[in-house]
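Novice: Right, I'll just put the structure down here and ask away after.
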Amino acid sequence: MKQQIMTIQFDDVTMEEAVTFAMDSIRRGERCRVVTPNAEFALEAKNNPRFLNILNDSELVLADGISVIYASRIVGKPLHGRVTGVGFAQALTAELAKAGKRLYLLGAKPGVAEQAARRLLECYPGLVIAGTHDGYFREEAPVVEAINAAHPDALFVCLGAPKQEYFMEEHGGELNVPVMAGLGGSMDVLAGNVKRAPAFFQKAGIEWLYRLCKEPKRWRRMAKLPLYLWDALMWKGKGAN
Ligand code: UDP
């Protein structure tokens, strides 16, 4: 079920429901574009109608950040909970492996997607890695060609936002892949180069604090979190839906 939190229409789903939806799309051969908006996405979308349209036109819009959950409560439309991009990537990969499906990994610095592929194959026997490509390419056409030649069932696009959403929008029609998901920095996590916060931080909704301590240079990006919550308060104050 879609739930509009300010301008973005989120899917109010659990992780299991999200993965089932994506797997059903693969079985039916239907297109499913997955996006994972957080506070940064929402602030970008405020002044970027193209980006907002791509988000709202996607079949699965997952609430990636805890800030989205707080904002949903502030505006009086509480979402179930977070469905993080990296959690979704892992859960979907597990199901792809069970079904012997093909996954293509696109994004991050050279070598990272291959490293992620090796780790995923260790964790999920039965998975087929259809191919990998780094995220620093000049020409998009050869990348699209390589993906199509590999015949994947699912494609993880990890180029950062909004680049990954633009890539999926521009090439969605020519890419012969049922499920494509924009998953930001997930490739670095899947490769083991970036560690997710310990379970305590995740459960307490302070994964951002852990990340800030590990990567202090992200503070500028994280400063957007309170701005987004401020927007939610203003939205509520205006009585908008
Ligand atoms: N990236 C890429 N191509 C680019 C720009 C970025 O492949 O042209 C990758 C980058 O190496 C990183 C990911 O995209 O792996 C974006 O990470 P970011 O920290 O922005 O994402 P977040 O953690 O916020 O999801």
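Chain labels A, B, ... are given in the sequence in which chains occur in the structure tokens; within each chain residues are numbered consecutively from 1, and ligands are likewise numbered from 1 in the order shown.
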When the cut-off is 8 Å and you count only C-alpha atoms and all ligand atoms, which residues lie near ligand 1, shown as a list in words?
Specialist: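 Using only C-alpha atoms and all ligand atoms, everything at most 8 Å from ligand 1 comes to Gly85, Leu106, Gly107, Ala108, Lys109, Asp134, Gly135, Tyr136, Phe137, Cys158, Leu159, Gly160, Ala161, Lys163, Leu183, Gly184, Gly185, Ser186, Met187 and Asp188 of chain A.
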Novice: Quick one: residues within 12 Å of Arg211 of chain A, only C-alpha atoms counted, chain neighbours fewer than 6 positions away excluded, as a list in words?
Specialist: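 Here the qualifying residues turn out to be Val194, Lys195, Arg196, Ala197, Pro198, Phe201, Gln202, Gly205, Lys217, Arg218, Trp219, Arg221 and Met222 of chain A.
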Novice: Extract, using only C-alpha atoms, all DNA, RNA and protein residues at most 7 Å from segment 147-156 of chain A, discarding same-chain residues fewer than 3 positions from it, and format them as a PyMOL selection string.
Specialist: chain A and resi 26+101-106+130-131+143-144+175-183
Novice: Considering only C-alpha atoms, can you say which of A:Pro162, A:Gln3, A:Gly87, A:Ala113 comes closest to Ser72 of chain A?
Specialist: A:Gln3
Novice: What parts of segment 95-235 of chain A does DSSP call strand (DSSP E)? I'd like the answer as a PyMOL selection string.
Specialist: chain A and resi 102-107+128-133+154-158+179-182
